[in-house]
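Just coords-v3.txt here, compact mmCIF, C-alpha atoms:
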# COMPACT_ATOMS: atom_id res chain seq x y z
CA MET A 1 -21.37 61.89 -135.27
CA PRO A 2 -18.50 61.59 -137.79
CA ASP A 3 -16.87 58.20 -138.02
CA SER A 4 -13.54 58.50 -136.22
CA THR A 5 -12.14 55.78 -138.43
CA THR A 6 -12.72 57.81 -141.59
CA SER A 7 -9.37 58.90 -143.04
CA HIS A 8 -8.78 62.59 -143.42
CA SER A 9 -6.04 64.55 -145.16
CA THR A 10 -5.20 68.19 -145.70
CA SER A 11 -3.30 69.44 -148.73
CA LEU A 12 -1.23 72.60 -148.45
CA ASP A 13 0.50 72.58 -151.82
CA GLN A 14 2.15 75.80 -153.00
CA ARG A 15 3.86 76.33 -156.34
CA PHE A 16 6.59 78.97 -156.23
CA THR A 17 9.56 80.30 -158.16
CA LEU A 18 12.71 82.07 -157.05
CA PRO A 19 14.20 85.14 -158.78
CA PHE A 20 17.74 83.92 -159.50
CA VAL A 21 20.21 86.14 -161.34
CA HIS A 22 22.94 84.36 -163.30
CA ARG A 23 25.63 87.02 -163.85
CA VAL A 24 28.09 86.14 -166.64
CA ARG A 25 30.87 88.44 -167.86
CA PHE A 26 33.60 88.10 -170.50
CA THR A 27 36.65 90.30 -170.15
CA HIS A 28 40.42 90.52 -170.55
CA HIS A 29 42.91 90.79 -167.67
CA VAL A 30 40.38 90.26 -164.89
CA ALA A 31 42.83 91.29 -162.17
CA ALA A 32 44.01 94.51 -163.84
CA LEU A 33 43.33 97.28 -161.32
CA THR A 34 41.65 99.45 -163.96
CA ASN A 35 39.26 96.68 -165.06
CA PRO A 36 35.92 97.18 -163.23
CA THR A 37 34.38 93.83 -164.23
CA LEU A 38 35.03 91.72 -161.12
CA ALA A 39 34.09 94.46 -158.67
CA ASP A 40 30.94 95.28 -160.63
CA VAL A 41 29.42 91.82 -160.13
CA PHE A 42 28.84 92.83 -156.49
CA ARG A 43 26.84 95.89 -157.44
CA ASP A 44 23.57 94.24 -156.33
CA ASP A 45 24.84 93.94 -152.74
CA ALA A 46 25.37 97.31 -151.07
CA SER A 47 26.99 95.52 -148.11
CA ALA A 48 29.40 93.43 -150.18
CA ALA A 49 32.47 95.28 -148.91
CA SER A 50 31.68 94.23 -145.35
CA ARG A 51 31.54 90.51 -146.21
CA ARG A 52 34.30 87.94 -145.90
CA ALA A 53 35.88 86.04 -148.78
CA VAL A 54 38.39 83.32 -149.66
CA LEU A 55 40.05 82.33 -152.93
CA VAL A 56 40.59 78.78 -154.16
CA ILE A 57 42.85 78.31 -157.19
CA ASP A 58 43.55 75.34 -159.44
CA MET A 59 47.14 74.08 -159.01
CA GLY A 60 47.64 73.87 -162.77
CA LEU A 61 46.59 77.49 -163.21
CA HIS A 62 48.70 78.49 -160.21
CA HIS A 63 51.79 76.94 -161.80
CA ALA A 64 51.06 78.58 -165.15
CA ARG A 65 50.24 81.97 -163.60
CA PRO A 66 51.95 81.98 -160.16
CA ALA A 67 51.18 85.66 -159.57
CA LEU A 68 47.48 85.42 -160.36
CA ALA A 69 46.23 84.62 -156.87
CA GLN A 70 47.94 87.62 -155.32
CA GLU A 71 46.87 89.78 -158.26
CA ILE A 72 43.24 88.91 -157.49
CA VAL A 73 43.77 89.68 -153.79
CA ARG A 74 45.42 93.01 -154.62
CA TYR A 75 42.57 93.79 -157.03
CA ALA A 76 40.03 93.15 -154.27
CA GLN A 77 42.00 95.33 -151.87
CA ALA A 78 42.05 98.14 -154.44
CA HIS A 79 38.24 97.80 -154.85
CA ALA A 80 37.49 97.11 -151.21
CA ALA A 81 34.75 99.74 -151.19
CA GLN A 82 32.76 97.58 -153.63
CA MET A 83 33.66 93.95 -152.97
CA PRO A 84 34.93 91.51 -150.32
CA VAL A 85 38.67 90.89 -149.97
CA PRO A 86 39.92 87.27 -149.78
CA SER A 87 41.56 86.64 -146.41
CA GLU A 88 43.14 83.34 -147.45
CA VAL A 89 44.22 81.57 -150.65
CA LEU A 90 43.99 77.79 -151.03
CA VAL A 91 45.69 75.94 -153.90
CA VAL A 92 44.04 72.61 -154.78
CA HIS A 93 44.81 69.84 -157.25
CA GLY A 94 43.32 70.43 -160.69
CA GLY A 95 41.87 68.16 -163.34
CA GLU A 96 39.60 65.22 -162.68
CA ARG A 97 41.60 64.42 -159.54
CA ALA A 98 39.75 67.31 -157.90
CA LYS A 99 36.47 65.46 -158.43
CA CYS A 100 37.49 61.91 -157.53
CA GLY A 101 36.45 61.67 -153.90
CA MET A 102 35.81 64.19 -151.18
CA GLN A 103 39.36 65.44 -150.56
CA THR A 104 39.02 68.77 -152.38
CA VAL A 105 35.51 69.30 -151.04
CA ASP A 106 36.69 68.67 -147.50
CA GLU A 107 39.65 71.04 -147.91
CA VAL A 108 37.34 73.81 -149.08
CA LEU A 109 34.79 73.14 -146.33
CA ALA A 110 37.58 73.40 -143.76
CA LEU A 111 38.68 76.70 -145.34
CA ILE A 112 35.11 78.05 -145.24
CA GLU A 113 34.82 77.14 -141.56
CA ARG A 114 38.27 78.48 -140.68
CA ALA A 115 37.71 81.80 -142.46
CA LYS A 116 34.26 82.22 -140.88
CA ILE A 117 32.56 82.41 -144.26
CA CYS A 118 28.82 83.06 -143.83
CA ARG A 119 26.01 82.52 -146.31
CA LYS A 120 26.48 86.05 -147.71
CA SER A 121 30.25 85.76 -147.89
CA THR A 122 32.05 84.69 -151.07
CA VAL A 123 34.18 81.81 -152.26
CA PHE A 124 36.14 82.81 -155.36
CA VAL A 125 37.35 79.87 -157.44
CA ALA A 126 39.76 80.18 -160.36
CA GLY A 127 40.54 77.15 -162.49
CA GLY A 128 39.23 74.49 -164.80
CA GLY A 129 35.83 72.88 -164.80
CA ALA A 130 36.69 70.01 -162.46
CA VAL A 131 37.96 72.34 -159.75
CA ILE A 132 34.97 74.64 -160.23
CA ASP A 133 32.66 71.62 -159.83
CA ALA A 134 34.30 70.41 -156.61
CA VAL A 135 34.69 73.84 -155.02
CA GLY A 136 31.15 74.73 -156.07
CA PHE A 137 29.84 71.62 -154.36
CA ALA A 138 31.60 72.59 -151.12
CA ALA A 139 30.21 76.13 -151.36
CA ALA A 140 26.71 74.77 -152.06
CA VAL A 141 26.61 72.54 -148.97
CA ALA A 142 28.38 74.83 -146.48
CA HIS A 143 25.64 76.63 -144.53
CA ARG A 144 23.31 75.20 -147.22
CA GLY A 145 24.91 77.57 -149.70
CA VAL A 146 27.47 80.38 -149.71
CA ARG A 147 28.13 82.73 -152.61
CA LEU A 148 30.38 81.42 -155.37
CA VAL A 149 32.21 83.49 -157.98
CA ARG A 150 33.67 81.35 -160.74
CA ILE A 151 36.72 82.48 -162.74
CA PRO A 152 37.04 79.68 -165.32
CA SER A 153 40.45 79.23 -166.92
CA THR A 154 39.84 76.63 -169.66
CA THR A 155 37.94 76.75 -172.92
CA LEU A 156 35.66 73.94 -171.78
CA ALA A 157 34.79 75.80 -168.57
CA GLN A 158 34.29 79.13 -170.35
CA ASP A 159 32.20 77.84 -173.26
CA ASP A 160 30.10 75.41 -171.22
CA GLY A 161 30.95 74.12 -167.74
CA ALA A 162 30.99 77.36 -165.78
CA MET A 163 27.70 78.44 -167.36
CA GLY A 164 25.77 75.69 -165.62
CA VAL A 165 24.06 75.64 -162.23
CA LYS A 166 25.44 72.22 -161.30
CA ASN A 167 28.26 71.19 -159.00
CA GLY A 168 29.48 67.71 -158.24
CA ILE A 169 32.08 65.03 -157.79
CA ASN A 170 32.50 61.48 -159.06
CA ALA A 171 31.67 58.49 -156.86
CA PHE A 172 31.09 54.74 -157.23
CA GLY A 173 32.79 54.84 -160.62
CA LYS A 174 30.13 57.21 -161.94
CA LYS A 175 30.52 60.74 -163.23
CA ASN A 176 28.92 63.45 -161.07
CA PHE A 177 27.14 60.93 -158.82
CA THR A 178 27.34 63.27 -155.83
CA GLY A 179 26.38 66.90 -156.37
CA SER A 180 23.98 69.78 -156.10
CA PHE A 181 22.25 72.50 -158.06
CA ALA A 182 23.28 76.03 -157.06
CA VAL A 183 23.29 79.21 -159.13
CA PRO A 184 26.66 80.96 -158.77
CA TRP A 185 26.77 84.58 -157.72
CA ALA A 186 28.78 85.34 -160.85
CA VAL A 187 30.92 83.87 -163.61
CA VAL A 188 33.79 86.02 -164.88
CA CYS A 189 35.63 84.67 -167.93
CA ASP A 190 39.06 86.10 -168.67
CA ALA A 191 40.22 85.41 -172.23
CA GLU A 192 43.84 85.98 -171.23
CA LEU A 193 43.79 82.89 -169.00
CA LEU A 194 43.34 80.74 -172.10
CA ARG A 195 46.83 81.69 -173.27
CA THR A 196 48.28 79.55 -170.47
CA LEU A 197 46.63 76.35 -171.68
CA PRO A 198 48.46 73.50 -173.40
CA VAL A 199 47.19 73.38 -176.97
CA ALA A 200 45.50 69.98 -176.52
CA VAL A 201 43.56 71.25 -173.51
CA PHE A 202 42.65 74.42 -175.41
CA ARG A 203 41.26 72.40 -178.32
CA ALA A 204 39.38 69.93 -176.14
CA GLY A 205 36.88 72.49 -174.94
CA PHE A 206 35.51 73.07 -178.43
CA SER A 207 33.73 69.72 -178.47
CA GLU A 208 31.07 71.40 -176.31
CA ALA A 209 30.80 74.28 -178.78
CA VAL A 210 30.26 71.78 -181.60
CA LYS A 211 27.64 70.01 -179.47
CA ILE A 212 25.56 73.12 -178.81
CA ALA A 213 25.83 74.20 -182.44
CA LEU A 214 24.57 70.78 -183.59
CA LEU A 215 21.62 71.10 -181.24
CA LYS A 216 20.60 74.71 -181.74
CA ASP A 217 22.36 76.75 -184.39
CA PRO A 218 23.45 75.51 -187.85
CA THR A 219 24.89 78.92 -188.71
CA PHE A 220 27.09 78.70 -185.62
CA PHE A 221 28.22 75.25 -186.78
CA ASP A 222 29.25 76.77 -190.11
CA ASN A 223 31.13 79.47 -188.22
CA ILE A 224 33.05 76.85 -186.20
CA ALA A 225 33.83 74.95 -189.40
CA ALA A 226 35.24 78.10 -191.01
CA ARG A 227 37.46 78.83 -188.00
CA ALA A 228 38.43 75.27 -187.02
CA SER A 229 41.98 75.25 -188.35
CA ARG A 230 42.78 78.60 -186.71
CA ILE A 231 41.22 77.45 -183.43
CA ALA A 232 43.33 74.28 -183.55
CA ALA A 233 46.39 76.52 -183.90
CA HIS A 234 45.46 78.27 -180.59
CA ASP A 235 44.37 81.47 -182.35
CA LEU A 236 42.44 83.39 -179.70
CA ASP A 237 41.07 85.92 -182.17
CA ALA A 238 39.36 83.08 -184.04
CA ALA A 239 38.37 81.24 -180.89
CA GLN A 240 36.90 84.00 -178.72
CA PRO A 241 33.67 84.60 -180.70
CA VAL A 242 33.07 80.84 -180.73
CA ILE A 243 33.60 80.56 -176.98
CA GLU A 244 31.25 83.44 -176.25
CA ARG A 245 28.53 82.19 -178.63
CA SER A 246 28.74 78.70 -177.11
CA ALA A 247 28.49 80.15 -173.61
CA ALA A 248 25.50 82.28 -174.62
CA LEU A 249 23.63 79.29 -176.08
CA HIS A 250 24.32 77.17 -173.00
CA LEU A 251 23.26 79.98 -170.68
CA GLU A 252 20.10 80.69 -172.68
CA HIS A 253 19.03 77.06 -172.49
CA ILE A 254 19.69 76.85 -168.76
CA ALA A 255 17.95 80.13 -167.91
CA GLN A 256 15.13 80.08 -170.49
CA GLY A 257 14.65 76.39 -171.26
CA GLY A 258 12.20 75.86 -168.42
CA ASP A 259 14.19 73.23 -166.51
CA PRO A 260 17.37 74.72 -164.97
CA PHE A 261 17.49 72.15 -162.16
CA GLU A 262 16.76 69.23 -164.50
CA LEU A 263 13.53 68.11 -162.87
CA HIS A 264 12.34 66.66 -166.18
CA GLU A 265 13.91 63.71 -167.96
CA ALA A 266 15.04 65.55 -171.08
CA ARG A 267 18.56 66.99 -170.94
CA PRO A 268 19.41 68.20 -174.45
CA LEU A 269 22.70 69.75 -173.32
CA ASP A 270 23.90 66.22 -172.54
CA PHE A 271 23.86 65.24 -176.22
CA GLY A 272 26.74 62.78 -176.67
CA HIS A 273 27.36 62.64 -172.93
CA TRP A 274 25.99 59.21 -171.99
CA ALA A 275 28.91 57.58 -173.81
CA ALA A 276 31.34 60.35 -172.85
CA HIS A 277 30.76 59.91 -169.13
CA ARG A 278 31.10 56.13 -169.44
CA LEU A 279 34.32 56.45 -171.41
CA GLU A 280 35.79 58.81 -168.83
CA ALA A 281 35.00 56.40 -166.00
CA LEU A 282 36.32 53.33 -167.89
CA SER A 283 39.60 55.16 -168.52
CA ALA A 284 39.87 56.14 -164.85
CA TYR A 285 39.49 59.71 -166.18
CA ALA A 286 42.61 59.49 -168.32
CA VAL A 287 40.35 60.53 -171.22
CA SER A 288 39.47 64.18 -170.67
CA HIS A 289 35.86 65.34 -170.69
CA GLY A 290 36.36 67.37 -173.86
CA HIS A 291 37.85 64.42 -175.75
CA ALA A 292 35.19 62.06 -174.39
CA VAL A 293 32.42 64.40 -175.57
CA ALA A 294 33.93 64.50 -179.07
CA LEU A 295 33.81 60.69 -179.16
CA GLY A 296 30.31 60.63 -177.69
CA LEU A 297 29.14 63.03 -180.39
CA LEU A 298 30.57 60.80 -183.10
CA ILE A 299 28.84 57.74 -181.64
CA ASP A 300 25.43 59.40 -181.39
CA CYS A 301 25.75 61.08 -184.77
CA ARG A 302 26.66 57.73 -186.34
CA TYR A 303 23.68 56.15 -184.62
CA SER A 304 21.45 58.94 -185.95
CA MET A 305 22.83 58.26 -189.43
CA LEU A 306 22.29 54.49 -189.12
CA LYS A 307 18.68 55.15 -188.05
CA GLY A 308 18.17 57.23 -191.20
CA TRP A 309 17.63 60.49 -189.32
CA LEU A 310 20.93 62.21 -190.16
CA SER A 311 22.19 62.30 -193.74
CA PRO A 312 25.62 60.80 -194.50
CA GLN A 313 26.64 64.19 -195.87
CA ASP A 314 25.84 65.94 -192.59
CA PHE A 315 27.66 63.23 -190.65
CA GLU A 316 30.75 63.71 -192.81
CA ARG A 317 30.65 67.46 -192.16
CA ILE A 318 30.44 66.88 -188.40
CA GLN A 319 33.30 64.40 -188.47
CA ALA A 320 35.42 66.77 -190.58
CA VAL A 321 34.93 69.68 -188.16
CA LEU A 322 35.92 67.56 -185.15
CA ALA A 323 38.98 66.34 -187.07
CA ALA A 324 39.91 69.90 -188.07
CA LEU A 325 39.78 70.85 -184.38
CA HIS A 326 42.25 67.98 -183.73
CA LEU A 327 39.72 66.20 -181.54
CA PRO A 328 39.89 62.40 -181.33
CA GLN A 329 38.08 60.21 -183.82
CA SER A 330 38.49 56.96 -181.88
CA HIS A 331 39.87 55.34 -178.71
CA PRO A 332 40.93 51.77 -177.85
CA LEU A 333 38.33 51.54 -175.07
CA LEU A 334 35.56 51.74 -177.66
CA ALA A 335 36.37 48.13 -178.50
CA GLU A 336 34.63 47.28 -175.21
CA GLU A 337 31.16 47.77 -176.65
CA ALA A 338 29.25 46.07 -173.82
CA ALA A 339 31.04 48.18 -171.20
CA ILE A 340 30.30 51.38 -173.12
CA LEU A 341 26.63 50.43 -173.48
CA GLU A 342 26.33 50.21 -169.70
CA GLY A 343 26.49 54.00 -169.86
CA LEU A 344 22.92 54.06 -171.20
CA GLU A 345 21.57 52.43 -168.06
CA GLN A 346 23.63 54.73 -165.85
CA PHE A 347 22.33 57.70 -167.83
CA ARG A 348 18.71 56.50 -167.42
CA GLU A 349 19.26 56.27 -163.65
CA HIS A 350 20.86 59.71 -163.55
CA LEU A 351 17.88 61.17 -165.44
CA GLY A 352 15.37 59.85 -162.94
CA GLY A 353 14.15 56.59 -164.39
CA THR A 354 13.08 57.23 -167.98
CA LEU A 355 15.69 57.17 -170.72
CA THR A 356 15.63 60.35 -172.78
CA VAL A 357 18.50 60.78 -175.22
CA THR A 358 18.89 63.55 -177.78
CA MET A 359 19.76 62.51 -181.34
CA LEU A 360 20.00 64.49 -184.59
CA ARG A 361 17.73 64.82 -187.60
CA GLY A 362 20.05 67.39 -189.11
CA ILE A 363 22.65 69.95 -188.11
CA GLY A 364 20.82 72.21 -185.69
CA VAL A 365 17.85 69.82 -185.41
CA GLY A 366 17.83 67.66 -182.30
CA HIS A 367 15.06 65.29 -181.26
CA GLU A 368 14.45 63.15 -178.20
CA VAL A 369 14.24 59.36 -178.18
CA HIS A 370 13.25 57.07 -175.32
CA GLU A 371 14.46 53.77 -176.72
CA ILE A 372 17.79 52.77 -178.21
CA ASP A 373 18.29 50.01 -180.78
CA THR A 374 21.21 48.33 -179.04
CA ASP A 375 22.32 46.44 -182.17
CA LEU A 376 22.58 49.69 -184.13
CA MET A 377 24.28 51.41 -181.19
CA ARG A 378 26.83 48.60 -181.01
CA GLN A 379 27.43 49.17 -184.71
CA ALA A 380 27.89 52.92 -184.15
CA ILE A 381 30.40 52.24 -181.37
CA SER A 382 32.20 49.64 -183.48
CA MET A 383 32.44 52.02 -186.45
CA THR A 384 33.88 54.73 -184.21
CA ALA A 385 36.36 52.27 -182.70
CA ALA A 386 37.54 51.34 -186.19
CA CYS A 387 38.44 54.91 -187.15
CA ALA A 388 42.01 56.19 -187.03
CA ILE A 389 42.72 58.52 -184.13
CA ALA A 390 43.01 62.14 -185.26
In structure tokens, what does this structure look like?
Amino acid sequence: MPDSTTSHSTSLDQRFTLPFVHRVRFTHHVAALTNPTLADVFRDDASAASRRAVLVIDMGLHHARPALAQEIVRYAQAHAAQMPVPSEVLVVHGGERAKCGMQTVDEVLALIERAKICRKSTVFVAGGGAVIDAVGFAAAVAHRGVRLVRIPSTTLAQDDGAMGVKNGINAFGKKNFTGSFAVPWAVVCDAELLRTLPVAVFRAGFSEAVKIALLKDPTFFDNIAARASRIAAHDLDAAQPVIERSAALHLEHIAQGGDPFELHEARPLDFGHWAAHRLEALSAYAVSHGHAVALGLLIDCRYSMLKGWLSPQDFERIQAVLAALHLPQSHPLLAEEAAILEGLEQFREHLGGTLTVTMLRGIGVGHEVHEIDTDLMRQAISMTAACAIA
């Protein structure tokens, strides 16, 4: 007779993968009736025309391009045999305000419920990265996920943010504390939307292009350096190849890097971001993400130099490129070294318990570290604080 007190367990583990498709397109004049790009992203769904849809648009974009929302609706109507037609347009606040709290998320959830959006229906969102994050979070949690088509309108969203599979909002004074992973149905980048941007906002997005070049492609870094002054002057001909190359490198890492949902502790694409996120929060998000990333890059590159990993010559090149792009070299909040350093602990928590931070051994040569010399990091922060603002 078996002992009834003997413990018994059954394991039914299964390892599985899902065949996601991350559709990314670059185009001009997305809502031009003769441009097939937006309609073509629904080619994989033969029943797309029978689905419902809504459109959410960033208020800043709406003010800059007041006809755009109706142009997108008219485009969908003209291509109604291929794609869903938005039945309602919702204008929401743009910028980091969209991510501070649940207001935007709740507005979009109410729209999804009101418009009877099902899991195979579509939420179109046009705007900057913050709006895309908040609207994407609402789409990801409604019915446990409805289709999302992103139409990013800023350089930062087109060269980085919209390429990701993350959505989220800020909470408890922490960046992206509440969020989800969800692969969008499609991302359609319209270069013409970048013409509406204030020049400072246009420039800010290139900090992410510099970041990915420093991590993965020294030739790309040289290319950015050669074009920096023209990019700073809002020259789209100079900027567009940089935006598309940055987007391609981000997308390649997400799709082919083996960890799209960040289950591991290493997050190379967050190079410079531990300090950037902390700086944004300390400023109550008055410092934009693009500017904060530029400062975070300078801090971590200085730290890499102080550790003897990065040569002074390479550091000077990095600093010169950021300056040529008219990105900030310093900020008064960097004088609060202890408060900035708290970002390391928040980053460790966000990663899942083990600190893994990417540093540089050279331009295009990143490496992971699990411990930070806080005295040297204080020195790196202090040196950045002492620089004149570009």
message: Could you list, as a list in words, every residue within 12 Å of Pro312 in chain A, counting all atoms listed in the file and ignoring same-chain residues fewer than 5 positions away?
response: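 Residues near the query, excluding close chain neighbours: Cys301, Arg302, Tyr303, Ser304, Met305, Leu306, Lys307, Arg317, Ile318, Gln319, Leu360, Arg361, Gly362 and Ile363 of chain A.
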message: Quick one: residues within 7 Å of Phe26 in chain A, all atoms listed in the file, excluding same-chain residues fewer than 4 positions away - as a ChimeraX atom specification?
response: /A:188-190
- prompt: Residues at most 12 Å from Gly366 in chain A, counting only C-alpha atoms, excluding those fewer than 3 positions away in the same chain, as a ChimeraX atom specification?
  reply: /A:211-218,266-272,300-301,304,309-310,357-363,369
query: Could you pull the residues within 8 Å of range 102-107 of chain A, counting all atoms listed in the file, minus those fewer than 2 positions along the same chain, as an MDAnalysis selection string?
result: chainID A and resid 92:93 98:100 109:111 134:135 137:138 169
File dump, residues just selected, C-alpha atoms, as a PDB file, keeping the file's coordinate frame:
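So the final result, stored in out00.pdb, reads:
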ATOM      1  CA  VAL A  92      44.040  72.610-154.780  1.00  0.00           C
ATOM      2  CA  HIS A  93      44.810  69.840-157.250  1.00  0.00           C
ATOM      3  CA  ALA A  98      39.750  67.310-157.900  1.00  0.00           C
ATOM      4  CA  LYS A  99      36.470  65.460-158.430  1.00  0.00           C
ATOM      5  CA  CYS A 100      37.490  61.910-157.530  1.00  0.00           C
ATOM      6  CA  LEU A 109      34.790  73.140-146.330  1.00  0.00           C
ATOM      7  CA  ALA A 110      37.580  73.400-143.760  1.00  0.00           C
ATOM      8  CA  LEU A 111      38.680  76.700-145.340  1.00  0.00           C
ATOM      9  CA  ALA A 134      34.300  70.410-156.610  1.00  0.00           C
ATOM     10  CA  VAL A 135      34.690  73.840-155.020  1.00  0.00           C
ATOM     11  CA  PHE A 137      29.840  71.620-154.360  1.00  0.00           C
ATOM     12  CA  ALA A 138      31.600  72.590-151.120  1.00  0.00           C
ATOM     13  CA  ILE A 169      32.080  65.030-157.790  1.00  0.00           C
TER      14      ILE A 169
END
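Counting from CA of Leu68 in chain A, the distance to CA of Trp185 in chain A is 20.9 Å.
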- line: Min atom-atom distance to Ala380 in chain A from the set A:Leu334, A:Gly129, A:His277, A:Glu192, counting all atoms listed in the file, belongs to A:Leu334
message: I'd like the contact shell of Arg245 in chain A - 12 Å cut-off, all atoms listed in the file, skipping same-chain residues fewer than 6 positions apart - returned as an MDAnalysis selection string.
response: chainID A and resid 26 158:160 163 206 208:210 212:213 216:217 219:221 223:224 239 251:252
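Nearest to Leu197 in chain A of all the residues A:Ala64, A:Leu282, A:Ala294, A:Ala142 is A:Ala64, counting only C-alpha atoms.
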- request: Calculate how many Å separate CA of Gly95 in chain A from CA of Ala130 in chain A, rounding to one decimal.
  value: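 Going from CA of Gly95 in chain A over to CA of Ala130 in chain A, I get 5.6 Å.
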Where atoms are absent from range 339-361 of chain A, fill them in so it carries N, CA and C atoms, then output it as an mmCIF file, in the frame of the given file.
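Result file rebuild.cif:
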data_model
loop_
_atom_site.group_PDB
_atom_site.id
_atom_site.type_symbol
_atom_site.label_atom_id
_atom_site.label_comp_id
_atom_site.auth_asym_id
_atom_site.auth_seq_id
_atom_site.Cartn_x
_atom_site.Cartn_y
_atom_site.Cartn_z
ATOM 1 N N ALA A 339 30.738 47.288 -172.322
ATOM 2 C CA ALA A 339 31.040 48.180 -171.200
ATOM 3 C C ALA A 339 30.589 49.601 -171.501
ATOM 4 N N ILE A 340 30.762 50.037 -172.744
ATOM 5 C CA ILE A 340 30.300 51.380 -173.120
ATOM 6 C C ILE A 340 28.783 51.455 -173.025
ATOM 7 N N LEU A 341 28.099 50.431 -173.488
ATOM 8 C CA LEU A 341 26.630 50.430 -173.480
ATOM 9 C C LEU A 341 26.049 50.496 -172.076
ATOM 10 N N GLU A 342 26.810 50.072 -171.074
ATOM 11 C CA GLU A 342 26.330 50.210 -169.700
ATOM 12 C C GLU A 342 26.068 51.671 -169.357
ATOM 13 N N GLY A 343 26.704 52.570 -170.091
ATOM 14 C CA GLY A 343 26.490 54.000 -169.860
ATOM 15 C C GLY A 343 25.053 54.421 -170.099
ATOM 16 N N LEU A 344 24.328 53.715 -170.969
ATOM 17 C CA LEU A 344 22.920 54.060 -171.200
ATOM 18 C C LEU A 344 22.084 53.827 -169.949
ATOM 19 N N GLU A 345 22.319 52.705 -169.273
ATOM 20 C CA GLU A 345 21.570 52.430 -168.060
ATOM 21 C C GLU A 345 21.937 53.416 -166.952
ATOM 22 N N GLN A 346 23.215 53.741 -166.846
ATOM 23 C CA GLN A 346 23.630 54.730 -165.850
ATOM 24 C C GLN A 346 23.017 56.088 -166.156
ATOM 25 N N PHE A 347 22.915 56.426 -167.428
ATOM 26 C CA PHE A 347 22.330 57.700 -167.830
ATOM 27 C C PHE A 347 20.836 57.718 -167.490
ATOM 28 N N ARG A 348 20.135 56.594 -167.754
ATOM 29 C CA ARG A 348 18.710 56.500 -167.420
ATOM 30 C C ARG A 348 18.516 56.723 -165.911
ATOM 31 N N GLU A 349 19.359 56.105 -165.103
ATOM 32 C CA GLU A 349 19.260 56.270 -163.650
ATOM 33 C C GLU A 349 19.511 57.718 -163.253
ATOM 34 N N HIS A 350 20.502 58.331 -163.873
ATOM 35 C CA HIS A 350 20.860 59.710 -163.550
ATOM 36 C C HIS A 350 19.723 60.670 -163.926
ATOM 37 N N LEU A 351 18.969 60.310 -164.977
ATOM 38 C CA LEU A 351 17.880 61.170 -165.440
ATOM 39 C C LEU A 351 16.646 61.074 -164.551
ATOM 40 N N GLY A 352 16.525 59.988 -163.811
ATOM 41 C CA GLY A 352 15.370 59.850 -162.940
ATOM 42 C C GLY A 352 14.447 58.713 -163.302
ATOM 43 N N GLY A 353 14.920 57.797 -164.153
ATOM 44 C CA GLY A 353 14.150 56.590 -164.390
ATOM 45 C C GLY A 353 13.716 56.350 -165.808
ATOM 46 N N THR A 354 13.506 57.390 -166.590
ATOM 47 C CA THR A 354 13.080 57.230 -167.980
ATOM 48 C C THR A 354 14.214 57.687 -168.901
ATOM 49 N N LEU A 355 14.611 56.810 -169.802
ATOM 50 C CA LEU A 355 15.690 57.170 -170.720
ATOM 51 C C LEU A 355 15.199 58.209 -171.718
ATOM 52 N N THR A 356 15.903 59.316 -171.782
ATOM 53 C CA THR A 356 15.630 60.350 -172.780
ATOM 54 C C THR A 356 16.972 60.804 -173.333
ATOM 55 N N VAL A 357 17.224 60.474 -174.586
ATOM 56 C CA VAL A 357 18.500 60.780 -175.220
ATOM 57 C C VAL A 357 18.237 61.642 -176.441
ATOM 58 N N THR A 358 19.020 62.680 -176.612
ATOM 59 C CA THR A 358 18.890 63.550 -177.780
ATOM 60 C C THR A 358 19.706 62.982 -178.938
ATOM 61 N N MET A 359 19.097 62.902 -180.098
ATOM 62 C CA MET A 359 19.760 62.510 -181.340
ATOM 63 C C MET A 359 19.550 63.620 -182.366
ATOM 64 N N LEU A 360 20.079 63.440 -183.562
ATOM 65 C CA LEU A 360 20.000 64.490 -184.590
ATOM 66 C C LEU A 360 19.185 64.046 -185.787
ATOM 67 N N ARG A 361 18.382 64.978 -186.300
ATOM 68 C CA ARG A 361 17.730 64.820 -187.600
ATOM 69 C C ARG A 361 18.397 65.697 -188.652
#
